[in-house]
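Next up, start-v4.cif (mmCIF, C-alpha atoms):
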data_coords
#
loop_
_atom_site.label_atom_id
_atom_site.label_comp_id
_atom_site.auth_asym_id
_atom_site.auth_seq_id
_atom_site.Cartn_x
_atom_site.Cartn_y
_atom_site.Cartn_z
CA MET A 1 115.11 86.29 86.57
CA PRO A 2 111.97 88.45 86.20
CA ALA A 3 111.25 91.22 88.69
CA THR A 4 109.13 91.38 91.83
CA VAL A 5 106.85 94.38 92.35
CA VAL A 6 105.81 95.47 95.84
CA VAL A 7 102.70 97.66 95.92
CA GLY A 8 100.38 99.03 98.59
CA THR A 9 96.76 97.90 98.31
CA GLN A 10 95.04 100.57 100.41
CA TRP A 11 95.68 104.31 100.91
CA GLY A 12 99.32 103.92 101.84
CA ASP A 13 101.05 103.37 105.18
CA GLU A 14 100.54 99.60 104.91
CA GLY A 15 104.04 98.78 106.12
CA LYS A 16 105.70 98.41 102.72
CA GLY A 17 109.07 99.34 104.18
CA LYS A 18 109.25 96.24 106.34
CA LEU A 19 108.25 93.87 103.54
CA THR A 20 110.58 95.45 101.00
CA ASP A 21 113.38 95.22 103.54
CA LEU A 22 112.53 91.54 104.10
CA LEU A 23 112.57 90.76 100.37
CA ALA A 24 115.59 92.97 99.65
CA LYS A 25 117.98 90.51 101.28
CA ASP A 26 117.55 88.30 98.19
CA MET A 27 117.72 91.13 95.63
CA ARG A 28 120.57 92.57 93.60
CA LEU A 29 118.68 95.78 92.74
CA VAL A 30 115.86 97.52 94.58
CA VAL A 31 114.28 100.19 92.38
CA ARG A 32 111.96 102.97 93.53
CA TYR A 33 109.66 103.66 90.56
CA GLN A 34 107.43 106.66 91.41
CA GLY A 35 106.54 109.32 93.96
CA GLY A 36 108.84 111.61 95.87
CA HIS A 37 109.66 112.45 99.47
CA ASN A 38 105.95 112.78 100.27
CA ALA A 39 105.93 109.11 101.26
CA GLY A 40 108.07 107.66 104.00
CA HIS A 41 108.54 104.17 105.34
CA THR A 42 110.10 102.96 108.56
CA ILE A 43 112.30 99.89 108.92
CA VAL A 44 113.29 98.51 112.32
CA VAL A 45 116.59 96.59 112.43
CA ASP A 46 117.81 95.21 115.76
CA GLY A 47 115.61 97.71 117.56
CA GLU A 48 116.95 100.65 115.54
CA SER A 49 114.48 102.56 113.35
CA PHE A 50 115.35 103.96 109.92
CA ALA A 51 112.84 106.40 108.41
CA LEU A 52 113.41 106.55 104.65
CA GLN A 53 111.80 108.94 102.19
CA LEU A 54 113.51 108.58 98.82
CA ILE A 55 116.24 105.97 99.11
CA PRO A 56 114.98 102.40 98.49
CA SER A 57 114.91 99.91 101.36
CA GLY A 58 117.71 97.84 99.84
CA VAL A 59 120.28 100.40 100.97
CA LEU A 60 120.44 98.58 104.32
CA TYR A 61 121.98 95.50 102.64
CA SER A 62 125.58 95.80 101.44
CA HIS A 63 125.00 93.47 98.46
CA THR A 64 122.03 95.44 97.09
CA VAL A 65 122.15 98.39 94.69
CA PRO A 66 119.44 100.96 95.55
CA VAL A 67 118.09 102.69 92.45
CA ILE A 68 115.87 105.77 92.06
CA GLY A 69 114.06 105.28 88.76
CA ASN A 70 112.95 107.69 86.07
CA GLY A 71 109.39 107.85 87.43
CA VAL A 72 110.43 109.50 90.70
CA VAL A 73 110.52 113.26 91.38
CA VAL A 74 113.59 114.23 93.37
CA ASP A 75 114.49 117.13 95.62
CA PRO A 76 118.29 116.76 95.61
CA ALA A 77 118.64 118.57 98.95
CA VAL A 78 116.30 116.05 100.60
CA LEU A 79 118.08 113.15 98.93
CA LEU A 80 121.50 114.31 100.12
CA ALA A 81 120.20 114.94 103.64
CA GLU A 82 118.89 111.37 103.71
CA CYS A 83 122.25 110.07 102.51
CA ASP A 84 124.01 112.06 105.25
CA MET A 85 121.62 110.67 107.88
CA LEU A 86 122.27 107.10 106.79
CA GLU A 87 126.03 107.58 106.55
CA SER A 88 126.09 109.05 110.06
CA ARG A 89 124.49 105.82 111.27
CA GLY A 90 126.96 103.56 109.50
CA VAL A 91 124.97 102.82 106.33
CA ASP A 92 126.92 103.03 103.06
CA THR A 93 125.02 104.99 100.38
CA SER A 94 127.77 105.03 97.75
CA ARG A 95 125.98 102.33 95.72
CA LEU A 96 122.93 104.55 95.12
CA VAL A 97 122.13 105.26 91.45
CA VAL A 98 119.70 108.03 90.44
CA SER A 99 118.08 108.09 87.00
CA GLY A 100 119.11 111.03 84.87
CA ASN A 101 115.54 111.05 83.55
CA ALA A 102 113.96 111.57 86.97
CA HIS A 103 112.48 115.05 87.39
CA LEU A 104 113.65 117.67 89.87
CA ILE A 105 111.49 119.25 92.53
CA MET A 106 112.26 122.97 92.51
CA PRO A 107 111.62 125.70 95.12
CA TYR A 108 108.70 127.11 93.11
CA HIS A 109 106.97 123.71 93.26
CA TYR A 110 106.81 124.01 97.05
CA GLU A 111 105.42 127.54 96.83
CA ILE A 112 102.73 126.60 94.33
CA ASP A 113 101.78 123.50 96.32
CA ARG A 114 101.29 125.53 99.51
CA ALA A 115 99.48 128.36 97.74
CA THR A 116 97.13 126.00 95.90
CA GLU A 117 96.15 124.11 99.06
CA ARG A 118 95.50 127.39 100.86
CA ALA A 119 93.33 128.65 98.01
CA LEU A 120 91.23 125.47 97.99
CA GLY A 121 90.14 126.12 101.57
CA LYS A 122 87.68 123.50 102.82
CA ASN A 123 88.10 121.62 99.52
CA LYS A 124 91.84 121.14 100.02
CA LEU A 125 93.28 117.78 98.99
CA GLY A 126 95.47 117.28 102.04
CA THR A 127 98.79 117.18 100.18
CA THR A 128 102.08 117.11 102.06
CA LYS A 129 102.94 120.50 100.47
CA ARG A 130 106.27 119.12 99.29
CA GLY A 131 105.95 120.12 95.66
CA ILE A 132 105.21 116.65 94.34
CA GLY A 133 102.05 117.49 92.36
CA PRO A 134 103.43 120.67 90.77
CA ALA A 135 106.62 118.81 89.78
CA TYR A 136 104.60 116.09 88.04
CA ALA A 137 102.42 118.78 86.44
CA ASP A 138 105.51 120.40 84.93
CA LYS A 139 106.68 117.00 83.73
CA ALA A 140 103.38 116.48 81.90
CA ALA A 141 103.50 120.04 80.54
CA ARG A 142 107.04 119.33 79.28
CA ILE A 143 108.60 122.26 81.10
CA GLY A 144 110.20 120.29 83.94
CA LEU A 145 113.89 120.12 84.78
CA ARG A 146 115.42 116.66 85.00
CA VAL A 147 118.22 115.29 87.15
CA GLN A 148 120.48 115.04 84.08
CA ASP A 149 120.14 118.81 83.59
CA LEU A 150 122.35 119.27 86.66
CA LEU A 151 125.23 117.96 84.49
CA ASP A 152 124.83 120.71 81.87
CA GLU A 153 124.82 124.24 83.31
CA LYS A 154 123.82 125.89 80.02
CA ILE A 155 120.75 123.67 79.57
CA PHE A 156 119.82 123.98 83.23
CA LEU A 157 119.87 127.79 83.14
CA GLU A 158 117.90 127.96 79.89
CA LYS A 159 115.15 125.76 81.35
CA LEU A 160 115.24 127.54 84.69
CA ASP A 161 114.77 130.94 83.05
CA VAL A 162 111.59 129.81 81.34
CA ALA A 163 110.23 128.11 84.45
CA VAL A 164 110.97 130.92 86.92
CA ARG A 165 109.41 133.53 84.62
CA GLU A 166 106.19 131.54 84.39
CA LYS A 167 106.03 130.48 88.03
CA ASN A 168 106.73 133.94 89.39
CA ALA A 169 103.92 135.35 87.26
CA VAL A 170 101.52 132.75 88.68
CA LEU A 171 102.70 133.25 92.25
CA ALA A 172 102.41 137.04 92.06
CA LYS A 173 99.24 137.51 90.00
CA VAL A 174 97.19 134.52 91.14
CA TYR A 175 98.34 133.89 94.70
CA ASN A 176 99.80 137.30 95.68
CA ARG A 177 103.09 135.69 96.66
CA LEU A 178 106.60 137.12 96.43
CA ALA A 179 108.71 136.27 93.41
CA LEU A 180 111.51 133.73 93.74
CA ASP A 181 115.11 134.69 92.93
CA ARG A 182 116.34 132.85 89.84
CA ASP A 183 120.02 133.38 90.71
CA GLU A 184 119.60 131.96 94.21
CA ILE A 185 117.95 128.85 92.80
CA ALA A 186 120.67 128.44 90.17
CA ASP A 187 123.43 128.78 92.76
CA LEU A 188 121.79 126.26 95.10
CA TYR A 189 121.22 123.59 92.46
CA LEU A 190 124.29 124.04 90.27
CA HIS A 191 127.00 124.96 92.77
CA GLN A 192 125.89 123.40 96.05
CA LEU A 193 123.83 120.33 95.15
CA ALA A 194 125.06 119.25 91.71
CA PRO A 195 128.70 118.54 92.73
CA ARG A 196 127.51 116.07 95.37
CA ILE A 197 124.72 114.40 93.42
CA SER A 198 126.53 114.14 90.06
CA PRO A 199 128.42 110.91 90.92
CA MET A 200 125.08 109.22 91.67
CA ILE A 201 123.45 110.00 88.31
CA GLY A 202 123.27 107.16 85.80
CA ASP A 203 121.43 105.25 83.08
CA THR A 204 119.13 103.24 85.31
CA VAL A 205 117.17 101.69 82.42
CA SER A 206 120.31 99.99 81.12
CA LEU A 207 121.33 99.06 84.66
CA VAL A 208 118.00 97.32 85.27
CA HIS A 209 118.00 95.47 81.94
CA GLU A 210 121.58 94.30 82.38
CA ALA A 211 120.61 92.83 85.75
CA LEU A 212 117.57 91.10 84.20
CA GLU A 213 119.70 89.67 81.40
CA ALA A 214 122.20 88.39 83.96
CA GLY A 215 119.43 86.54 85.81
CA GLU A 216 119.73 88.65 88.95
CA ASN A 217 116.86 89.31 91.35
CA LEU A 218 115.18 92.72 91.13
CA MET A 219 112.53 94.36 93.27
CA LEU A 220 110.49 97.36 92.15
CA GLU A 221 109.25 99.41 95.08
CA GLY A 222 106.35 101.86 94.88
CA ALA A 223 105.41 104.69 97.19
CA GLN A 224 101.83 105.47 98.30
CA ALA A 225 99.32 102.82 97.22
CA THR A 226 96.61 101.59 94.85
CA PHE A 227 93.80 103.89 96.02
CA LEU A 228 96.07 106.91 95.81
CA ASP A 229 96.80 106.13 92.15
CA LEU A 230 96.16 109.09 89.86
CA ASP A 231 93.94 107.02 87.55
CA HIS A 232 92.51 104.33 89.80
CA GLY A 233 92.39 105.94 93.23
CA THR A 234 89.71 107.95 95.03
CA TYR A 235 90.23 110.98 92.79
CA PRO A 236 90.89 113.85 93.46
CA PHE A 237 92.19 112.71 96.86
CA VAL A 238 95.11 110.91 95.25
CA THR A 239 98.79 111.34 94.53
CA SER A 240 100.17 112.66 91.22
CA SER A 241 101.64 109.44 89.85
CA ASN A 242 100.78 105.75 89.37
CA PRO A 243 101.75 103.58 92.35
CA THR A 244 99.96 100.55 90.86
CA ALA A 245 101.99 97.69 89.38
CA GLY A 246 101.57 99.06 85.87
CA GLY A 247 103.37 102.20 86.99
CA ALA A 248 106.38 100.06 87.87
CA CYS A 249 106.97 99.40 84.17
CA VAL A 250 106.77 103.05 83.17
CA GLY A 251 108.75 104.33 86.15
CA THR A 252 111.54 101.80 85.72
CA GLY A 253 111.75 101.25 81.98
CA ILE A 254 110.85 97.55 81.75
CA GLY A 255 108.03 95.65 80.07
CA PRO A 256 105.20 93.65 81.67
CA ARG A 257 106.77 90.32 80.75
CA ASP A 258 109.75 91.17 82.94
CA ILE A 259 107.50 90.98 86.03
CA SER A 260 106.69 87.56 87.50
CA ARG A 261 105.58 88.38 91.04
CA VAL A 262 103.38 91.16 92.43
CA VAL A 263 103.17 91.34 96.22
CA GLY A 264 100.34 93.46 97.59
CA ILE A 265 100.90 94.93 101.04
CA SER A 266 97.79 95.27 103.16
CA LYS A 267 97.39 96.33 106.76
CA ALA A 268 95.16 94.09 108.90
CA TYR A 269 92.93 97.16 109.17
CA VAL A 270 92.82 100.30 107.01
CA THR A 271 94.08 103.86 107.43
CA ARG A 272 94.24 106.94 105.27
CA VAL A 273 95.64 110.44 105.65
CA GLY A 274 93.87 113.61 104.59
CA SER A 275 90.51 113.95 102.91
CA GLY A 276 88.48 111.50 100.84
CA PRO A 277 85.89 108.71 101.20
CA PHE A 278 86.52 105.98 103.77
CA PRO A 279 83.60 103.51 104.15
CA THR A 280 84.95 101.56 107.14
CA GLU A 281 86.30 104.51 109.15
CA VAL A 282 85.82 104.30 112.92
CA ASP A 283 85.97 106.94 115.62
CA GLY A 284 86.00 107.25 119.39
CA GLU A 285 87.87 104.85 121.66
CA LEU A 286 88.41 102.23 118.95
CA ALA A 287 90.00 104.80 116.66
CA ASP A 288 92.28 106.01 119.46
CA LEU A 289 93.28 102.43 120.25
CA LEU A 290 94.20 101.61 116.65
CA VAL A 291 96.11 104.87 116.23
CA ASP A 292 98.01 104.48 119.51
CA ARG A 293 98.82 100.78 119.19
CA GLY A 294 99.59 101.00 115.48
CA ARG A 295 101.57 104.24 115.84
CA GLU A 296 99.43 105.67 113.09
CA TYR A 297 101.15 108.97 112.49
CA GLY A 298 102.79 109.99 109.23
CA THR A 299 106.50 109.15 108.94
CA ASN A 300 107.16 112.48 107.23
CA THR A 301 104.40 114.80 108.38
CA GLY A 302 103.45 113.45 111.79
CA ARG A 303 99.78 113.75 110.83
CA ARG A 304 97.37 111.41 112.59
CA ARG A 305 95.94 108.77 110.26
CA ARG A 306 92.24 107.99 110.01
CA PRO A 307 91.67 104.32 111.04
CA GLY A 308 89.00 101.81 110.04
CA TRP A 309 88.18 98.11 109.72
CA MET A 310 89.61 95.88 106.99
CA ASP A 311 87.86 96.40 103.64
CA VAL A 312 88.11 93.38 101.33
CA VAL A 313 86.02 95.11 98.66
CA MET A 314 88.97 97.46 98.21
CA LEU A 315 91.40 94.57 98.47
CA ARG A 316 89.65 92.66 95.66
CA GLN A 317 89.83 95.76 93.50
CA ALA A 318 93.53 96.16 94.29
CA ALA A 319 94.09 92.51 93.37
CA ARG A 320 92.50 93.16 89.97
CA LEU A 321 94.30 96.41 89.27
CA ASN A 322 97.73 95.02 90.16
CA SER A 323 97.40 91.34 89.16
CA LEU A 324 98.44 90.42 92.69
CA SER A 325 100.13 87.06 93.06
CA GLU A 326 100.11 87.24 96.86
CA ILE A 327 99.31 89.46 99.83
CA ALA A 328 101.52 90.38 102.77
CA LEU A 329 99.33 91.30 105.74
CA THR A 330 100.93 93.66 108.25
CA LYS A 331 100.16 94.78 111.81
CA LEU A 332 97.97 91.82 112.77
CA ASP A 333 99.29 92.28 116.31
CA VAL A 334 97.56 95.67 116.61
CA LEU A 335 94.16 93.94 116.67
CA SER A 336 95.03 91.72 119.64
CA GLU A 337 92.80 91.95 122.72
CA LEU A 338 89.73 93.11 120.76
CA GLU A 339 86.66 91.02 121.59
CA THR A 340 85.48 91.03 117.98
CA VAL A 341 87.07 92.04 114.71
CA LYS A 342 85.23 93.11 111.57
CA VAL A 343 85.81 92.64 107.87
CA CYS A 344 83.88 94.69 105.32
CA VAL A 345 82.73 92.20 102.69
CA GLY A 346 80.39 94.45 100.69
CA TYR A 347 78.73 97.86 100.49
CA ARG A 348 75.12 98.96 100.63
CA VAL A 349 73.81 102.09 98.93
CA ASP A 350 70.20 103.06 98.22
CA GLY A 351 69.09 99.59 99.32
CA GLU A 352 71.36 97.84 96.84
CA ARG A 353 74.27 95.59 97.80
CA LEU A 354 77.54 96.20 95.97
CA SER A 355 80.42 93.74 95.80
CA ARG A 356 82.75 96.13 93.95
CA VAL A 357 84.12 99.61 94.53
CA PRO A 358 81.67 101.96 92.74
CA TYR A 359 83.24 103.88 89.89
CA HIS A 360 81.26 107.06 90.61
CA GLN A 361 82.79 109.37 93.19
CA SER A 362 79.43 110.54 94.59
CA VAL A 363 78.43 106.94 95.27
CA GLN A 364 81.77 106.21 96.93
CA HIS A 365 81.01 108.87 99.53
CA ARG A 366 77.59 107.36 100.36
CA VAL A 367 78.23 103.63 100.66
CA GLU A 368 77.66 101.85 103.97
CA PRO A 369 79.86 98.89 104.88
CA ILE A 370 78.46 95.37 105.24
CA TYR A 371 80.50 93.61 107.91
CA GLU A 372 81.34 90.03 108.73
CA GLU A 373 82.15 89.84 112.45
CA LEU A 374 84.66 87.34 113.80
CA PRO A 375 85.84 86.49 117.31
CA GLY A 376 88.94 88.35 118.39
CA TRP A 377 91.97 86.96 120.21
CA GLN A 378 93.60 87.95 123.47
CA ASP A 379 97.09 86.64 122.79
CA ASP A 380 100.24 88.69 122.31
CA LEU A 381 101.42 87.89 118.77
CA SER A 382 104.79 89.65 118.92
CA GLY A 383 106.74 86.45 119.58
CA ALA A 384 105.05 84.32 116.91
CA THR A 385 107.43 82.81 114.37
CA THR A 386 105.37 79.95 112.90
CA LEU A 387 101.80 79.51 111.74
CA GLU A 388 101.13 77.29 114.76
CA ASP A 389 102.10 80.17 117.06
CA LEU A 390 99.10 82.20 115.89
CA PRO A 391 95.88 81.66 117.87
CA LYS A 392 93.06 80.02 115.93
CA ALA A 393 90.97 83.20 115.92
CA ALA A 394 93.85 85.15 114.35
CA ARG A 395 94.34 82.46 111.70
CA ASN A 396 90.61 82.51 110.97
CA TYR A 397 90.74 86.27 110.49
CA VAL A 398 93.59 85.99 107.98
CA GLU A 399 91.85 83.13 106.18
CA CYS A 400 88.66 85.21 105.94
CA ILE A 401 90.61 88.00 104.25
CA GLU A 402 92.38 85.52 101.99
CA SER A 403 89.10 83.90 100.97
CA HIS A 404 87.28 87.13 100.15
CA ALA A 405 90.26 88.67 98.34
CA GLY A 406 90.83 85.57 96.23
CA VAL A 407 94.61 85.90 96.69
CA PRO A 408 96.82 83.89 99.07
CA VAL A 409 98.35 85.62 102.09
CA SER A 410 102.05 84.75 102.13
CA TYR A 411 103.33 86.80 105.07
CA VAL A 412 101.72 88.06 108.28
CA GLY A 413 103.39 90.83 110.27
CA VAL A 414 103.24 90.48 114.07
CA GLY A 415 105.39 93.44 115.12
CA PRO A 416 107.54 96.28 113.77
CA GLY A 417 110.88 94.41 113.82
CA ARG A 418 112.59 93.03 110.73
CA GLU A 419 112.10 89.41 111.85
CA GLN A 420 108.61 89.80 113.34
CA TYR A 421 106.61 87.97 110.70
CA VAL A 422 105.04 84.56 110.08
CA ARG A 423 104.93 82.68 106.78
CA PHE A 424 101.24 81.96 106.18
CA SER A 425 100.42 80.29 102.85
CA GLN A 426 103.37 78.23 101.70
#

Structure re-expressed in structure tokens:
Amino acid sequence: MPATVVVGTQWGDEGKGKLTDLLAKDMRLVVRYQGGHNAGHTIVVDGESFALQLIPSGVLYSHTVPVIGNGVVVDPAVLLAECDMLESRGVDTSRLVVSGNAHLIMPYHYEIDRATERALGKNKLGTTKRGIGPAYADKAARIGLRVQDLLDEKIFLEKLDVAVREKNAVLAKVYNRLALDRDEIADLYLHQLAPRISPMIGDTVSLVHEALEAGENLMLEGAQATFLDLDHGTYPFVTSSNPTAGGACVGTGIGPRDISRVVGISKAYVTRVGSGPFPTEVDGELADLLVDRGREYGTNTGRRRRPGWMDVVMLRQAARLNSLSEIALTKLDVLSELETVKVCVGYRVDGERLSRVPYHQSVQHRVEPIYEELPGWQDDLSGATTLEDLPKAARNYVECIESHAGVPVSYVGVGPGREQYVRFSQ
């Protein structure tokens, strides 16, 4: 059976973890296809929260094989710490398979990430400083170390020598930072981390194709989201990989015809972290309310997210870029008790109305939102289990989003728990 892709449609933090966990119960493989431990997602099961960074959501189901694909960048120390955390809480991680072609995040990637952000000053990008961008840069420059290199000490040391020489020169001469010790890095990766991670390393491309050929269900899970995509996001305030559905093919090793379903995750409002344009951003009491009720703080960093009204101009663009077959709308419950709710249905700039996201970055920063206002609802949605349980105003809000996006809404989230959702369009 062809694969399902789950992708964020905004600037991340849409609640992908909950939806992937919901879908994972019917999947044989759940494959993470890009990003690193700069993106976290939280899953709530029976009142217990699991904050995951690298390991796919499917790990919480005993019948599912969690896979880290070739498009991911991996810090093995972080991965092992996450495995230990899950094991300590009774979750079996022995089924995890890590692509040998995935790239390693090295200590010098962290140093360069921190030094670069510091040097940018007020123009900083707002990265998590976890070495993700520098690791992808080395991959593109063809000087990166891969997970499979941990299985061959000679190759690992040869590559490490070249990398450390170059990185130390940059750190010392450009950023006035202390040099890193090559032997310490080698000992950490080869003698402390490699023995534990080696049993997890495998040929994930063959694993995925064998599952497809056997007619098994697969889910491909991205990190970050559409407007953080390196090519299609609000550049340069983006991530260093391609979270869009097309990136699922590259980061997993399958072709487009193997994908039959693309589920776009959208919050019922919008948030973003760090710098960059945000047409529907709000401030003051409304911002505080959305942040507090939505618990809008980074899973990994704890940074407060910037909140704003739903933007269907962005959502239409995300539908185009990802060929969305459906939308899962999360956190509708956060908007309860507001007298009115707003949906941005267009932009205005220099007296002209725009119905699409402008391609030019300077214009993106200047657009003003055009809102459609709808009545709010005062009901608590947390106990809703059927469409009839949702108040009419809440259903109207979802239908407005569905209509403007041109894509059906299949699921509506009404709380953080695993079972707190309503099937919308059948």

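Proximity ranking of A:Asp149, A:Ile112, A:Ser49, A:Val367 relative to Arg89 in chain A places A:Ser49 first, based on only C-alpha atoms.
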
Using all atoms listed in the file, which of the listed residues (A:Ala186, A:Val59, A:Leu178, A:Met314) sits closest to Gly8 in chain A? A:Met314

With only C-alpha atoms as the counted atoms, please give the residues lying no more than 12 Å from range 50-53 of chain A, apart from itself and same-chain residues fewer than 6 positions off, as a ChimeraX atom specification. /A:15-18,21,32,34-44,59-60,68,72-75,78-91,130,222-224,298-301,416-418

Let me see the file: selected residues, C-alpha atoms, as a PDB file, keeping the file's coordinate frame.
ATOM      1  CA  GLY A  15     104.040  98.780 106.120  1.00  0.00           C
ATOM      2  CA  LYS A  16     105.700  98.410 102.720  1.00  0.00           C
ATOM      3  CA  GLY A  17     109.070  99.340 104.180  1.00  0.00           C
ATOM      4  CA  LYS A  18     109.250  96.240 106.340  1.00  0.00           C
ATOM      5  CA  ASP A  21     113.380  95.220 103.540  1.00  0.00           C
ATOM      6  CA  ARG A  32     111.960 102.970  93.530  1.00  0.00           C
ATOM      7  CA  GLN A  34     107.430 106.660  91.410  1.00  0.00           C
ATOM      8  CA  GLY A  35     106.540 109.320  93.960  1.00  0.00           C
ATOM      9  CA  GLY A  36     108.840 111.610  95.870  1.00  0.00           C
ATOM     10  CA  HIS A  37     109.660 112.450  99.470  1.00  0.00           C
ATOM     11  CA  ASN A  38     105.950 112.780 100.270  1.00  0.00           C
ATOM     12  CA  ALA A  39     105.930 109.110 101.260  1.00  0.00           C
ATOM     13  CA  GLY A  40     108.070 107.660 104.000  1.00  0.00           C
ATOM     14  CA  HIS A  41     108.540 104.170 105.340  1.00  0.00           C
ATOM     15  CA  THR A  42     110.100 102.960 108.560  1.00  0.00           C
ATOM     16  CA  ILE A  43     112.300  99.890 108.920  1.00  0.00           C
ATOM     17  CA  VAL A  44     113.290  98.510 112.320  1.00  0.00           C
ATOM     18  CA  VAL A  59     120.280 100.400 100.970  1.00  0.00           C
ATOM     19  CA  LEU A  60     120.440  98.580 104.320  1.00  0.00           C
ATOM     20  CA  ILE A  68     115.870 105.770  92.060  1.00  0.00           C
ATOM     21  CA  VAL A  72     110.430 109.500  90.700  1.00  0.00           C
ATOM     22  CA  VAL A  73     110.520 113.260  91.380  1.00  0.00           C
ATOM     23  CA  VAL A  74     113.590 114.230  93.370  1.00  0.00           C
ATOM     24  CA  ASP A  75     114.490 117.130  95.620  1.00  0.00           C
ATOM     25  CA  VAL A  78     116.300 116.050 100.600  1.00  0.00           C
ATOM     26  CA  LEU A  79     118.080 113.150  98.930  1.00  0.00           C
ATOM     27  CA  LEU A  80     121.500 114.310 100.120  1.00  0.00           C
ATOM     28  CA  ALA A  81     120.200 114.940 103.640  1.00  0.00           C
ATOM     29  CA  GLU A  82     118.890 111.370 103.710  1.00  0.00           C
ATOM     30  CA  CYS A  83     122.250 110.070 102.510  1.00  0.00           C
ATOM     31  CA  ASP A  84     124.010 112.060 105.250  1.00  0.00           C
ATOM     32  CA  MET A  85     121.620 110.670 107.880  1.00  0.00           C
ATOM     33  CA  LEU A  86     122.270 107.100 106.790  1.00  0.00           C
ATOM     34  CA  GLU A  87     126.030 107.580 106.550  1.00  0.00           C
ATOM     35  CA  SER A  88     126.090 109.050 110.060  1.00  0.00           C
ATOM     36  CA  ARG A  89     124.490 105.820 111.270  1.00  0.00           C
ATOM     37  CA  GLY A  90     126.960 103.560 109.500  1.00  0.00           C
ATOM     38  CA  VAL A  91     124.970 102.820 106.330  1.00  0.00           C
ATOM     39  CA  ARG A 130     106.270 119.120  99.290  1.00  0.00           C
ATOM     40  CA  GLY A 222     106.350 101.860  94.880  1.00  0.00           C
ATOM     41  CA  ALA A 223     105.410 104.690  97.190  1.00  0.00           C
ATOM     42  CA  GLN A 224     101.830 105.470  98.300  1.00  0.00           C
ATOM     43  CA  GLY A 298     102.790 109.990 109.230  1.00  0.00           C
ATOM     44  CA  THR A 299     106.500 109.150 108.940  1.00  0.00           C
ATOM     45  CA  ASN A 300     107.160 112.480 107.230  1.00  0.00           C
ATOM     46  CA  THR A 301     104.400 114.800 108.380  1.00  0.00           C
ATOM     47  CA  PRO A 416     107.540  96.280 113.770  1.00  0.00           C
ATOM     48  CA  GLY A 417     110.880  94.410 113.820  1.00  0.00           C
ATOM     49  CA  ARG A 418     112.590  93.030 110.730  1.00  0.00           C
TER      50      ARG A 418
END

Check which residues satisfy the PyMOL selection byres ((chain A and resi 359) around 12) in the file shown, then give them as a list in words. Asp231, His232, Gly233, Thr234, Tyr235, Met314, Gln317, Leu354, Arg356, Val357, Pro358, His360, Gln361, Ser362, Val363, Gln364, His365 and Val367 of chain A

Given only C-alpha atoms as the counted atoms, nearest of A:Glu14, A:Val67, A:Gly246, A:Arg142 to Arg320 in chain A: A:Gly246

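Residues captured in this structure file are Val31, Arg32, Tyr33, Val67, Ile68, Asn70, Gly71, Val72, Val98, Ser99, Ala102, Thr204, Gly251 and Thr252 of chain A, according to the PyMOL selection byres ((chain A and resi 69) around 7).
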
How would you write, as a VMD selection string, the residues chosen by the PyMOL selection byres ((chain A and resi 58) around 8) on this structure? chain A and resid 20 to 21 24 to 25 27 29 to 30 56 to 57 59 to 61 64 to 66

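Separating CA of Gly376 in chain A from CA of Leu338 in chain A is a distance of 5.4 Å.
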
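Among A:Val238, A:Ile201, A:Ile254, A:Ala318, the residue with the shortest atom-to-atom distance to Val273 in chain A, counting all atoms listed in the file, is A:Val238.
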